[in-house]
Structures are given as structure tokens and as C-alpha cells.
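For reference, the structure discussed in these notes is given below.
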Amino acid sequence: QVLLVESGGGLVQAGGSLRLSCVASGIIFSSNAMGWYRQAPGKQRELVAVINSAGGTNYEDSVKGRFTLSRDNAKNTVYLQMNSLKPEDTAVYYCNVNYNFYVYWGQGTQVTVSS
């Protein structure tokens, strides 16, 4: 059974920082790319960042230079460090993995940035 559990969300003022974590179980973690998505109210879910099995990363343009995605294979965990947060970063953030031809999602963690 594949399970993704996110944590680390919360309320922060603009310019602040948060670190999100996603712990994965039921997969061969080190062999899989992992992604973070977000969904703001009334908007479609969008890709924020992805990290491949070798640690290479790609970011959505609006978060480049502010967000950093990393992984710890020993802990089956990916981390999304979010700095210089803006009100437009407010959303529910979801962890994601494609595994055995199926897409798995975590339950999401709310990030709210006040102006």
C-alpha cells in the first residue's frame, strides 16, 4: 500500500518561510521521482517542483529562487523549503508520486500566507 503523508503547512506572514515534508511508504523511494503540487481556491492543481531519483530538480517559474526541493532517501522523505513566501503562494500543497502506472497523492497540507 502506497502512502504519502505531508506535514509542515501553516500560517505565515509574507516574506516568511516554511518547510514542507512528505514521507512515503510502500514504494522503492530512492528509485522514484517525487513531486509537489498546489491548488489554490478556485484554481486548478499545478506542479510546483519535481525531484528525480538522482536529485535533479525542476521548478515552476514563479517559485524559482525561492523554493528548494530535496530528498533524503534514508528517511523516504522529500522536503520543500519555501522562502520569501507571497500571498499568492497560499494553497493546499500535495505530494505526488507515479508508481507502477498509478498516480498517488497525499492528503495535502494547507499553506496560508498573509499580506
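Chains: A, B, ... in order of the C-alpha cells. Residues: from 1 per chain. Ligands: from 1, in order shown.
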Inset, instruction - Name all residues at most 8 Å from region 32-44 of chain A (count only C-alpha atoms; drop same-chain ones fewer than 6 positions away) and give them as a ChimeraX atom specification. - result: /A:50-53,78,80,90-99
Put those residues in a file: N, CA and C atoms, as a compact mmCIF listing (two decimals), in the first residue's frame.
# COMPACT_ATOMS: atom_id res chain seq x y z
N VAL A 50 9.58 19.25 -8.93
CA VAL A 50 9.77 17.81 -9.02
C VAL A 50 11.24 17.49 -8.83
N ILE A 51 11.51 16.34 -8.19
CA ILE A 51 12.87 15.90 -8.00
C ILE A 51 12.98 14.46 -8.51
N ASN A 52 14.00 14.20 -9.33
CA ASN A 52 14.13 12.85 -9.85
C ASN A 52 14.96 11.97 -8.90
N SER A 53 15.15 10.73 -9.29
CA SER A 53 15.82 9.78 -8.40
C SER A 53 17.27 10.16 -8.16
N VAL A 78 10.79 13.68 1.17
CA VAL A 78 11.14 14.84 0.37
C VAL A 78 10.77 16.09 1.16
N LEU A 80 10.25 20.39 0.94
CA LEU A 80 10.09 21.59 0.12
C LEU A 80 10.33 22.79 1.03
N THR A 90 -0.43 30.96 -1.31
CA THR A 90 -1.47 30.33 -0.49
C THR A 90 -2.19 29.25 -1.28
N ALA A 91 -2.21 28.04 -0.72
CA ALA A 91 -2.81 26.89 -1.41
C ALA A 91 -2.71 25.67 -0.51
N VAL A 92 -3.37 24.62 -0.92
CA VAL A 92 -3.12 23.31 -0.33
C VAL A 92 -2.01 22.66 -1.15
N TYR A 93 -0.99 22.19 -0.48
CA TYR A 93 0.17 21.59 -1.14
C TYR A 93 0.10 20.07 -1.01
N TYR A 94 0.30 19.40 -2.14
CA TYR A 94 0.18 17.94 -2.21
C TYR A 94 1.49 17.32 -2.69
N CYS A 95 1.84 16.23 -2.08
CA CYS A 95 2.95 15.40 -2.52
C CYS A 95 2.41 14.38 -3.52
N ASN A 96 3.26 13.96 -4.46
CA ASN A 96 2.80 13.13 -5.57
C ASN A 96 3.90 12.16 -6.00
N VAL A 97 3.49 10.96 -6.39
CA VAL A 97 4.42 10.02 -7.00
C VAL A 97 3.67 9.18 -8.03
N ASN A 98 4.34 8.93 -9.15
CA ASN A 98 3.83 7.98 -10.14
C ASN A 98 4.53 6.64 -9.88
N TYR A 99 3.77 5.62 -9.56
CA TYR A 99 4.37 4.35 -9.17
C TYR A 99 3.55 3.22 -9.75
Inset, instruction - List every residue of chain A that DSSP, applied to the backbone of this structure, assigns to strand (DSSP E or B), and report them as a count of residues only. - result: 63
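Interatomic distance, CA of Gly26 (chain A) against CA of Ser7 (chain A): 18.1 Å.
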Inset, instruction - Skip region 55-72 of chain A itself and residues of its chain fewer than 6 positions away, then list as a PyMOL selection string all residues within 12 Å of it, counting only C-alpha atoms. - result: chain A and resi 15-24+29-38+46-49+78-86+88-89+95
Could the residues in this selection be saved with N, CA and C atoms as a compact mmCIF listing (two decimals), in the first residue's frame?
# COMPACT_ATOMS: atom_id res chain seq x y z
N GLY A 15 6.92 37.04 3.15
CA GLY A 15 8.36 37.12 3.39
C GLY A 15 8.89 36.04 4.29
N GLY A 16 8.01 35.30 4.92
CA GLY A 16 8.42 34.23 5.82
C GLY A 16 8.75 32.94 5.11
N SER A 17 9.02 31.92 5.92
CA SER A 17 9.45 30.63 5.38
C SER A 17 8.67 29.49 6.04
N LEU A 18 8.55 28.43 5.29
CA LEU A 18 8.01 27.17 5.80
C LEU A 18 8.77 26.04 5.14
N ARG A 19 8.83 24.90 5.82
CA ARG A 19 9.39 23.69 5.21
C ARG A 19 8.36 22.59 5.26
N LEU A 20 7.97 22.12 4.10
CA LEU A 20 7.03 21.01 4.00
C LEU A 20 7.80 19.70 3.89
N SER A 21 7.22 18.67 4.48
CA SER A 21 7.80 17.32 4.40
C SER A 21 6.76 16.36 3.84
N CYS A 22 7.26 15.36 3.14
CA CYS A 22 6.39 14.30 2.64
C CYS A 22 7.11 12.98 2.87
N VAL A 23 6.51 12.14 3.69
CA VAL A 23 7.06 10.82 3.97
C VAL A 23 6.31 9.79 3.14
N ALA A 24 7.05 8.98 2.41
CA ALA A 24 6.45 7.97 1.54
C ALA A 24 6.68 6.58 2.10
N PHE A 29 11.48 4.05 -2.66
CA PHE A 29 11.54 5.51 -2.67
C PHE A 29 12.70 6.02 -3.50
N SER A 30 13.88 5.46 -3.32
CA SER A 30 15.08 6.00 -3.96
C SER A 30 15.04 5.91 -5.48
N SER A 31 14.17 5.08 -6.02
CA SER A 31 14.11 4.88 -7.46
C SER A 31 13.06 5.76 -8.14
N ASN A 32 12.35 6.55 -7.38
CA ASN A 32 11.21 7.28 -7.92
C ASN A 32 11.34 8.79 -7.84
N ALA A 33 10.90 9.44 -8.90
CA ALA A 33 10.75 10.89 -8.86
C ALA A 33 9.57 11.24 -7.95
N MET A 34 9.69 12.36 -7.28
CA MET A 34 8.64 12.84 -6.38
C MET A 34 8.30 14.27 -6.75
N GLY A 35 7.04 14.62 -6.59
CA GLY A 35 6.63 15.97 -6.94
C GLY A 35 5.81 16.63 -5.86
N TRP A 36 5.80 17.96 -5.91
CA TRP A 36 4.90 18.76 -5.08
C TRP A 36 4.00 19.56 -6.02
N TYR A 37 2.71 19.52 -5.72
CA TYR A 37 1.72 20.31 -6.44
C TYR A 37 1.02 21.21 -5.43
N ARG A 38 0.30 22.18 -5.96
CA ARG A 38 -0.53 23.01 -5.09
C ARG A 38 -1.82 23.37 -5.79
N GLU A 46 -1.62 22.69 -9.73
CA GLU A 46 -0.46 22.96 -10.58
C GLU A 46 0.81 22.38 -9.98
N LEU A 47 1.72 22.00 -10.86
CA LEU A 47 3.01 21.47 -10.43
C LEU A 47 3.87 22.60 -9.88
N VAL A 48 4.44 22.38 -8.71
CA VAL A 48 5.33 23.35 -8.10
C VAL A 48 6.79 22.97 -8.35
N ALA A 49 7.12 21.72 -8.07
CA ALA A 49 8.51 21.28 -8.22
C ALA A 49 8.55 19.76 -8.29
N VAL A 78 10.79 13.68 1.17
CA VAL A 78 11.14 14.84 0.37
C VAL A 78 10.77 16.09 1.16
N TYR A 79 11.57 17.13 0.97
CA TYR A 79 11.37 18.38 1.68
C TYR A 79 11.21 19.51 0.66
N LEU A 80 10.25 20.39 0.94
CA LEU A 80 10.09 21.59 0.12
C LEU A 80 10.33 22.79 1.03
N GLN A 81 11.50 23.38 0.90
CA GLN A 81 11.82 24.59 1.65
C GLN A 81 11.28 25.78 0.88
N MET A 82 10.43 26.55 1.52
CA MET A 82 9.78 27.68 0.86
C MET A 82 10.18 28.96 1.58
N ASN A 83 10.90 29.81 0.89
CA ASN A 83 11.35 31.09 1.44
C ASN A 83 10.69 32.24 0.69
N SER A 84 10.77 33.42 1.28
CA SER A 84 10.22 34.63 0.66
C SER A 84 8.79 34.39 0.19
N LEU A 85 7.99 33.82 1.06
CA LEU A 85 6.62 33.45 0.68
C LEU A 85 5.79 34.68 0.37
N LYS A 86 4.89 34.51 -0.58
CA LYS A 86 4.00 35.56 -1.03
C LYS A 86 2.54 35.13 -0.83
N GLU A 88 0.27 34.95 -2.87
CA GLU A 88 -0.16 34.10 -3.99
C GLU A 88 0.35 32.68 -3.88
N ASP A 89 1.19 32.38 -2.89
CA ASP A 89 1.60 31.00 -2.63
C ASP A 89 0.58 30.25 -1.77
N CYS A 95 1.84 16.23 -2.08
CA CYS A 95 2.95 15.40 -2.52
C CYS A 95 2.41 14.38 -3.52
Legend entry - Pick from A:Ser25, A:Phe101, A:Asn73, A:Val113 nearest to Glu6 (chain A), counting only C-alpha atoms: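 Residue with the minimum atom-to-atom distance to Glu6 (chain A): A:Ser25.
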